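Asks: Questions regarding the structure given below will be posed in turn.
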6 protein chains.
Amino acid sequence: MKILVINPNSDSRMTRAIARAAGRFAAGRFETECVSSPGGPRFIETYEDEMKTAPGMLGLVRERESDSDAFVVACHCDPNLDLLKEATPKPVVGIGEASMKIASMLGHSFAVLSATAHSIPNKLALIRKYHLEGACASVRPAENGAYLAAARTAVREDGAEVIVLGCAGMTGRDEKIRRALGVPVLDPLVCGLIVASGLAAAGFGISRARRYRGRD
Amino acid sequence: MKILVINPNSDSRMTRAIARAAGRFAAGRFETECVSSPGGPRFIETYEDEMKTAPGMLGLVRERESDSDAFVVACHCDPNLDLLKEATPKPVVGIGEASMKIASMLGHSFAVLSATAHSIPNKLALIRKYHLEGACASVRPAENGAYLAAARTAVREDGAEVIVLGCAGMTGRDEKIRRALGVPVLDPLVCGLIVASGLAAAGFGISRARRYRGRD
Amino acid sequence: MKILVINPNSDSRMTRAIARAAGRFAAGRFETECVSSPGGPRFIETYEDEMKTAPGMLGLVRERESDSDAFVVACHCDPNLDLLKEATPKPVVGIGEASMKIASMLGHSFAVLSATAHSIPNKLALIRKYHLEGACASVRPAENGAYLAAARTAVREDGAEVIVLGCAGMTGRDEKIRRALGVPVLDPLVCGLIVASGLAAAGFGISRARRYRGRD
Amino acid sequence: MKILVINPNSDSRMTRAIARAAGRFAAGRFETECVSSPGGPRFIETYEDEMKTAPGMLGLVRERESDSDAFVVACHCDPNLDLLKEATPKPVVGIGEASMKIASMLGHSFAVLSATAHSIPNKLALIRKYHLEGACASVRPAENGAYLAAARTAVREDGAEVIVLGCAGMTGRDEKIRRALGVPVLDPLVCGLIVASGLAAAGFGISRARRYRGRD
Amino acid sequence: MKILVINPNSDSRMTRAIARAAGRFAAGRFETECVSSPGGPRFIETYEDEMKTAPGMLGLVRERESDSDAFVVACHCDPNLDLLKEATPKPVVGIGEASMKIASMLGHSFAVLSATAHSIPNKLALIRKYHLEGACASVRPAENGAYLAAARTAVREDGAEVIVLGCAGMTGRDEKIRRALGVPVLDPLVCGLIVASGLAAAGFGISRARRYRGRD
Amino acid sequence: MKILVINPNSDSRMTRAIARAAGRFAAGRFETECVSSPGGPRFIETYEDEMKTAPGMLGLVRERESDSDAFVVACHCDPNLDLLKEATPKPVVGIGEASMKIASMLGHSFAVLSATAHSIPNKLALIRKYHLEGACASVRPAENGAYLAAARTAVREDGAEVIVLGCAGMTGRDEKIRRALGVPVLDPLVCGLIVASGLAAAGFGISRARRYRGRD
């Protein structure tokens with residue numbers, strides 16, 4: 001089984017880091033390949049960034065559909081996820097959606113650490129899109145890299161029982177928070193791989209009924 | 001005051017029809033100009049269609065920002081609306097959002113007529129995005145042009161008190177339904193123009209606080 | 001086009017101030033007239049106040065229906081709005097409903113400044129009635145006239161992206177807040193006039209289907 | 001203990017019927033007195049009807065506060081309930097609110113039988129006001145007195161497990177439906193008396209904190 | 001009329017205290033008997049505690065069904081309430097459900113005082129189960145017996161208008177809080193008795209339609 | 001990696017069938033063992049059934065904690081799931097929760113096929129508990145084994161885009177429905193195994209923060 005992990009941005013250092021992390025989780029069980037979206041911007045932060053990376057992401061899914069068993073979008077804001085779900089009946093998994101839905105199975109409520117305060121409303125819009133308002137304790141910005149402080153506030157003041165790292169670039173930050181606070185800390189890339197590899201193994205894919213049917 | 005109406009698709013007949021309808025409503029009060037999004041597909045039906053028309057729509061807002069007082073996106077699925085709201089502090093109004101929020105002020109609940117059954121889930125996702133689930137009686141497809149039959153079902157079986165035409169291409173269908181059923185029937189283009197011209201007159205625009213702030 | 005603005009209270013100084021503000025916004029585009037509800041109390045703060053002003057408001061709508069194209073209720077708690085919607089098929093617009101629904105189109109979430117802490121639960125009940133819980137960041141009391149401080153808290157702590165002045169008597173407070181915080185600040189009277197004049201121009205009115213049908 | 005039951009309408013036959021039914025339920029346990037609201041219309045169907053009966057209802061609560069331990073508003077649309085809750089710290093109970101909240105304790109979901117299709121949206125607005133959308137299976141009109149048929153549809157098609165008679169005038173219709181369908185059928189007047197007498201016995205009343213505090 | 005009050009735990013001092021409090025409220029009106037669940041743990045705090053006390057509670061309902069008119073579960077977390085509702089068509093009332101639904105009739109929103117921070121998520125899950133999220137201002141822990149401080153925070157910071165004592169063991173704490181804060185403070189046992197005695201008097205019981213039908 | 005699959009009922013034929021299905025999905029990737037809950041009833045249909053099987057399920061988790069990497073509860077009503085989540089920090093996955101949350105990632109909305117009409121309200125209560133009301137199109141009973149007919153109704157009339165088999169005993173029914181309707185049909189046992197094996201591989205488990213902390 002082979003899973004194509006798509007980094008929507010063009011930061012090759014992040015692509016390599018994602019590739020390594022994906023490989024570590026998959027090792028001995030399935031194959032992963034991580035590619036940058038051609039033409040993607042250096043960061044995905046704005047709606048314009050999402051637009052710019054869309055054609056490259058779509059092209060990757062189309063070109064690699066025959067030799068991939070599932071696709072993972074490796075950005076926690078799930079850019080262009082509906083577009084890719086429409087493009088193939090194979091599993092397409094956003095790490096935002098996968099991580100937050102898995103988090104909701106592990107405790108009463110979860111908090112998301114966001115990279116900046118700027119991205120809070122977009123996270124909240126995503127949480128609403130996924131029907132997760134009732135399971136989300138808070139979105140807390142970890143500005144200037146203060147991951148642990150943000151997570152601690154989420155647990156102590158907001159009642160979060162599970163922490164979701166809200167950016168693919170936060171990979172590796174989980175262990176320290178977990179040890180300090182004693183709650184599950186979810187690396188969203190790992191969550192995306194759990195769902196994508198599981199769906200591929202089971203033969204489950206995106207429904208073509210109506211929402212993702214594409215042009216008739 | 002001048003309002004730029006953007007038709008996201010490239011169907012020039014529809015662009016002309018929208019231009020005429022906009023002009024009729026604005027006549028003597030404000031100026032309207034209707035343009036097609038360069039590079040837009042012939043219809044907007046899929047997520048890929050939305051992607052294809054995005055750069056053209058964004059380009060129009062940027063090029064015409066200085067000589068326009070507000071922008072109206074003339075497709076009821078509000079394609080790329082967040083992208084455009086991010087692009088300018090001037091008013092950007094989707095005819096889907098404007099028509100359904102106005103409908104919610106005129107009766108207990110509204111129904112949307114959709115062009116096809118295919119588009120129902122996308123309408124429902126839009127309705128959820130705008131927090132309108134509680135005000136929406138139903139989305140009813142008017143397949144094969146059966147507008148009146150769909151509206152009648154919405155009123156009689158679903159309890160709709162206001163009908164929203166769910167496609168810019170349905171312009172002109174309102175009068176017959178209104179006479180037959182005796183309920184308000186909203187042309188979404190008109191609703192978009194009401195909001196856009198009002199916002200422009202008042203000097204209200206899109207907040208740059210966070211969600212639509214763009215790149216710092 | 002002529003819009004009758006109804007001030008539910010009997011404070012003639014406020015009626016004159018509302019008349020001036022309405023006239024400024026409408027100037028050159030439509031006519032406005034502002035009248036006090038006969039028998040209305042000096043302030044609208046309690047349910048009993050709403051009751052006392054109801055017959056006068058209803059009488060105004062009935063008497064002035066033939067020479068008015070739309071009605072605006074110029075109190076942010078929208079007193080007796082359902083009663084007036086039932087009384088005429090012409091547009092009847094509450095400045096509370098109009099301002100908060102317009103606010104929801106301009107940013108991720110809005111905050112309402114209330115005149116007193118006393119009125120917070122009534123604002124929240126109104127927000128729920130209009131299905132706006134998900135779009136409202138907070139209701140913040142501006143007690144002792146501390147408008148700017150209340151708005152600042154709403155933006156910084158509650159994440160509000162748009163400020164709604166929650167009282168017709170706050171007219172003129174918007175400019176200072178807008179300059180200080182850089183977010184849209186909505187004068188609700190202006191919002192009410194946008195919607196009312198737009199509906200009148202379009203020929204859209206209150207549905208008589210069931211909720212506002214009146215006695216058969 | 002004495003409970004004043006207020007019939008908001010002026011139909012003296014209905015007032016006597018309510019008085020008898022209240023007396024039967026209270027017999028030997030507490031005292032009830034049923035009075036019509038002075039100036040009330042013959043039926044309560046419209047918002048104008050609610051307005052007309054408001055001063056009489058408020059007057060009754062004020063005049064009879066000293067010799068009553070609790071008040072019951074005997075109309076299922078709970079007209080002017082907020083107004084009366086504001087008028088006294090003694091218990092004020094609407095039979096709509098009491099019956100639907102009790103129904104939610106007896107089964108998975110309840111249905112309300114409404115007197116006419118006209119009143120469905122008002123019932124739904126009330127259900128939303130009381131946060132009961134999730135517990136309500138449907139509102140079914142029992143037009144032309146077809147109570148049993150409406151209840152049967154609610155149970156079989158809508159999954160209702162409890163039936164609420166949605167009009168004070170339906171008193172006495174419960175037994176036949178209960179026998180035919182085998183589900184609890186709630187007389188709302190009885191529900192109102194349960195809550196009002198219980199609150200009075202416990203010394204619980206309306207909070208004056210903010211929403212119902214009245215003029216400072 | 002006789003109401004069996006079931007204390008799910010085996011703390012005989014608490015059982016006696018509950019019995020006294022129940023007797024005081026019922027005095028002269030109906031009979032109450034309070035029994036501990038055989039085999040119940042000393043406290044009900046965990047899901048395992050709930051499991052351990054389930055057979056004893058079920059046994060009590062079965063054994064005492066013929067000589068009881070209604071049952072009250074005297075623990076605010078309503079342990080095994082669905083199980084008991086399934087076991088008898090007679091009224092079965094949880095003091096959590098009864099107290100919070102009554103609270104919602106007395107003010108804009110209520111707060112629950114919980115015995116520990118540990119129990120907050122369970123209270124929130126219960127509040128969601130009963131569709132009361134929209135009526136609940138907060139759950140505030142009264143750790144180390146700081147009832148008044150917790151209630152004051154709920155009223156002043158969270159906007160609570162009614163306080164619900166969130167543990168059967170808090171009986172007697174109400175008076176001091178009520179005097180200090182001037183808002184209704186509900187003893188949940190009393191609320192449970194109000195509903196149970198009222199249902200029994202009216203002949204209303206649990207619906208056997210589907211959810212609580214038991215084995216066919 | 002070894003996953004213990006717990007069949008809450010004592011039907012040994014079903015236990016063997018579940019064991020075979022689990023083995024097929026896991027083959028070559030992880031180990032599964034399927035055991036019946038000691039003392040479980042023959043079917044899990046009522047709240048009493050859930051109670052009866054609780055001690056056996058809890059005992060299994062405790063006894064087998066050291067040699068199991070995760071637990072799957074193989075009954076779609078997720079009996080005693082909170083109890084088991086409290087019992088171990090290792091992953092505990094209900095096939096109801098896992099299947100419905102996975103379904104929500106594959107299409108706009110899903111439908112659940114229930115074994116009987118009796119179980120509909122319990123499914124709906126579960127769906128609400130998991131915050132999935134907005135993603136669920138319907139629960140449709142497949143009475144008398146009419147799986148395909150129920151699924152077809154869900155797709156055509158309710159707009160379901162994904163079908164969830166709502167009973168562990170429906171294993172094997174998926175292929176026929178998938179071929180006939182062309183939408184994903186999820187075997188819940190497979191979904192439970194996807195999540196459980198993924199969580200175990202990642203080292204994610206149940207949060208002990210508060211809700212599932214157990215006795216201090």
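Chain labels A, B, ... are given in the sequence in which chains occur in the structure tokens; within each chain residues are numbered consecutively from 1, and ligands are likewise numbered from 1 in the order shown.
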Name the residues in contact with Ala137 (chain B) at a cut-off of 7 Å, using only C-alpha atoms, excluding same-chain residues fewer than 2 positions from it; report them as an MDAnalysis selection string.
Replies: chainID B and resid 109:111 135 158:160
Asks: Write out as JSON lines a residue-level contact list of chain A versus chain C with cut-off 9 Å: for each qualifying residue the closest pair of atoms and the distance in Å to one decimal, counting only C-alpha atoms, rows sorted by chain and residue number upward.
Replies:
```
{"residue": "A:Ile120", "atom": "CA", "partner": "C:Gly159", "partner_atom": "CA", "distance": 8.7}
{"residue": "A:Pro121", "atom": "CA", "partner": "C:His108", "partner_atom": "CA", "distance": 6.4}
{"residue": "A:Asn122", "atom": "CA", "partner": "C:His108", "partner_atom": "CA", "distance": 8.5}
{"residue": "A:Ala125", "atom": "CA", "partner": "C:His108", "partner_atom": "CA", "distance": 8.3}
```
Asks: Fewer than 5 positions away in the same chain doesn't count, so skip those; otherwise give me all residues within 10 Å of Leu126 (chain E), counting only C-alpha atoms, as JSON, numbers by chain.
Replies: {"E": [76, 77, 78, 96, 97, 120, 121, 131, 132, 133], "F": [129]}
Asks: Among region 64-176 of chain E, which ones does DSSP assign to strand (DSSP E or B) (computed from the backbone)? Answer as a ChimeraX atom specification.
Replies: /E:70-73,92-94,110-114,136-141,162-165
Asks: Could you save those same residues with N, CA and C atoms as a PDB file, in the first residue's frame?
Replies:
```
ATOM      1  N   ALA E  70     -44.112   6.635  42.248  1.00  0.00           N
ATOM      2  CA  ALA E  70     -43.092   7.256  41.404  1.00  0.00           C
ATOM      3  C   ALA E  70     -41.738   7.015  42.058  1.00  0.00           C
ATOM      4  N   PHE E  71     -40.689   7.164  41.254  1.00  0.00           N
ATOM      5  CA  PHE E  71     -39.326   6.950  41.745  1.00  0.00           C
ATOM      6  C   PHE E  71     -38.490   8.195  41.489  1.00  0.00           C
ATOM      7  N   VAL E  72     -37.642   8.524  42.457  1.00  0.00           N
ATOM      8  CA  VAL E  72     -36.709   9.624  42.288  1.00  0.00           C
ATOM      9  C   VAL E  72     -35.295   9.080  42.482  1.00  0.00           C
ATOM     10  N   VAL E  73     -34.422   9.361  41.525  1.00  0.00           N
ATOM     11  CA  VAL E  73     -33.014   8.979  41.663  1.00  0.00           C
ATOM     12  C   VAL E  73     -32.285  10.169  42.279  1.00  0.00           C
ATOM     13  N   VAL E  92     -40.268   7.959  36.604  1.00  0.00           N
ATOM     14  CA  VAL E  92     -38.914   7.830  37.125  1.00  0.00           C
ATOM     15  C   VAL E  92     -38.232   9.172  36.846  1.00  0.00           C
ATOM     16  N   VAL E  93     -37.777   9.822  37.885  1.00  0.00           N
ATOM     17  CA  VAL E  93     -37.268  11.184  37.739  1.00  0.00           C
ATOM     18  C   VAL E  93     -35.850  11.265  38.290  1.00  0.00           C
ATOM     19  N   GLY E  94     -34.946  11.784  37.471  1.00  0.00           N
ATOM     20  CA  GLY E  94     -33.597  12.055  37.956  1.00  0.00           C
ATOM     21  C   GLY E  94     -33.536  13.475  38.488  1.00  0.00           C
ATOM     22  N   PHE E 110     -28.903  29.126  33.776  1.00  0.00           N
ATOM     23  CA  PHE E 110     -28.592  28.607  35.114  1.00  0.00           C
ATOM     24  C   PHE E 110     -27.142  28.161  35.168  1.00  0.00           C
ATOM     25  N   ALA E 111     -26.624  28.060  36.391  1.00  0.00           N
ATOM     26  CA  ALA E 111     -25.306  27.453  36.587  1.00  0.00           C
ATOM     27  C   ALA E 111     -25.469  26.277  37.541  1.00  0.00           C
ATOM     28  N   VAL E 112     -24.623  25.287  37.346  1.00  0.00           N
ATOM     29  CA  VAL E 112     -24.617  24.126  38.232  1.00  0.00           C
ATOM     30  C   VAL E 112     -23.356  24.186  39.084  1.00  0.00           C
ATOM     31  N   LEU E 113     -23.518  24.016  40.378  1.00  0.00           N
ATOM     32  CA  LEU E 113     -22.341  23.869  41.239  1.00  0.00           C
ATOM     33  C   LEU E 113     -21.992  22.387  41.303  1.00  0.00           C
ATOM     34  N   SER E 114     -20.769  22.053  40.920  1.00  0.00           N
ATOM     35  CA  SER E 114     -20.373  20.647  40.995  1.00  0.00           C
ATOM     36  C   SER E 114     -19.464  20.450  42.203  1.00  0.00           C
ATOM     37  N   CYS E 136     -27.623  26.812  29.818  1.00  0.00           N
ATOM     38  CA  CYS E 136     -26.654  26.664  30.920  1.00  0.00           C
ATOM     39  C   CYS E 136     -25.540  27.702  30.791  1.00  0.00           C
ATOM     40  N   ALA E 137     -25.374  28.507  31.816  1.00  0.00           N
ATOM     41  CA  ALA E 137     -24.328  29.530  31.804  1.00  0.00           C
ATOM     42  C   ALA E 137     -22.961  28.918  32.103  1.00  0.00           C
ATOM     43  N   SER E 138     -22.910  27.977  33.024  1.00  0.00           N
ATOM     44  CA  SER E 138     -21.622  27.373  33.383  1.00  0.00           C
ATOM     45  C   SER E 138     -21.827  26.245  34.386  1.00  0.00           C
ATOM     46  N   VAL E 139     -20.794  25.417  34.498  1.00  0.00           N
ATOM     47  CA  VAL E 139     -20.696  24.465  35.609  1.00  0.00           C
ATOM     48  C   VAL E 139     -19.493  24.929  36.416  1.00  0.00           C
ATOM     49  N   ARG E 140     -19.700  25.222  37.665  1.00  0.00           N
ATOM     50  CA  ARG E 140     -18.621  25.767  38.488  1.00  0.00           C
ATOM     51  C   ARG E 140     -18.344  24.825  39.652  1.00  0.00           C
ATOM     52  N   PRO E 141     -17.117  24.412  39.804  1.00  0.00           N
ATOM     53  CA  PRO E 141     -16.797  23.519  40.924  1.00  0.00           C
ATOM     54  C   PRO E 141     -16.730  24.292  42.242  1.00  0.00           C
ATOM     55  N   VAL E 162     -29.934  31.604  37.816  1.00  0.00           N
ATOM     56  CA  VAL E 162     -30.446  30.593  38.746  1.00  0.00           C
ATOM     57  C   VAL E 162     -29.283  29.672  39.079  1.00  0.00           C
ATOM     58  N   ILE E 163     -29.189  29.253  40.333  1.00  0.00           N
ATOM     59  CA  ILE E 163     -28.132  28.325  40.743  1.00  0.00           C
ATOM     60  C   ILE E 163     -28.759  26.959  41.041  1.00  0.00           C
ATOM     61  N   VAL E 164     -28.156  25.916  40.493  1.00  0.00           N
ATOM     62  CA  VAL E 164     -28.598  24.554  40.770  1.00  0.00           C
ATOM     63  C   VAL E 164     -27.518  23.863  41.603  1.00  0.00           C
ATOM     64  N   LEU E 165     -27.888  23.373  42.759  1.00  0.00           N
ATOM     65  CA  LEU E 165     -26.933  22.605  43.561  1.00  0.00           C
ATOM     66  C   LEU E 165     -26.720  21.266  42.862  1.00  0.00           C
TER      67      LEU E 165
END
```
Asks: Which region 25-102 of chain B residues have any atom within 10 Å of an atom of region 193-209 of chain C, and for each, what is the nearest pair of atoms with distance in Å to one decimal, counting only C-alpha atoms, rows sorted by chain and number, as JSON lines?
Replies:
```
{"residue": "B:Phe25", "atom": "CA", "partner": "C:Ala202", "partner_atom": "CA", "distance": 7.2}
{"residue": "B:Ala26", "atom": "CA", "partner": "C:Ala201", "partner_atom": "CA", "distance": 9.1}
{"residue": "B:Ile102", "atom": "CA", "partner": "C:Val195", "partner_atom": "CA", "distance": 8.1}
```
Asks: Using C-alpha atoms, can you export the residues from the last selection as an mmCIF file, in the first residue's frame?
Replies:
```
data_model
loop_
_atom_site.group_PDB
_atom_site.id
_atom_site.type_symbol
_atom_site.label_atom_id
_atom_site.label_comp_id
_atom_site.auth_asym_id
_atom_site.auth_seq_id
_atom_site.Cartn_x
_atom_site.Cartn_y
_atom_site.Cartn_z
ATOM 1 C CA PHE B 25 -32.834 47.206 -10.391
ATOM 2 C CA ALA B 26 -30.164 49.908 -10.097
ATOM 3 C CA ILE B 102 -32.629 38.650 3.618
#
```
Asks: From region 19-207 of chain B, collect each residue whose DSSP state is helix (DSSP H, G or I) and return the set as a count of residues only.
Replies: 97
Asks: Between CA of Gly59 (chain E) and CA of Ala87 (chain E), what distance in Å does the model show, to one decimal?
Replies: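 CA of Ala87 (chain E) lies at a distance of 9.6 Å from CA of Gly59 (chain E).
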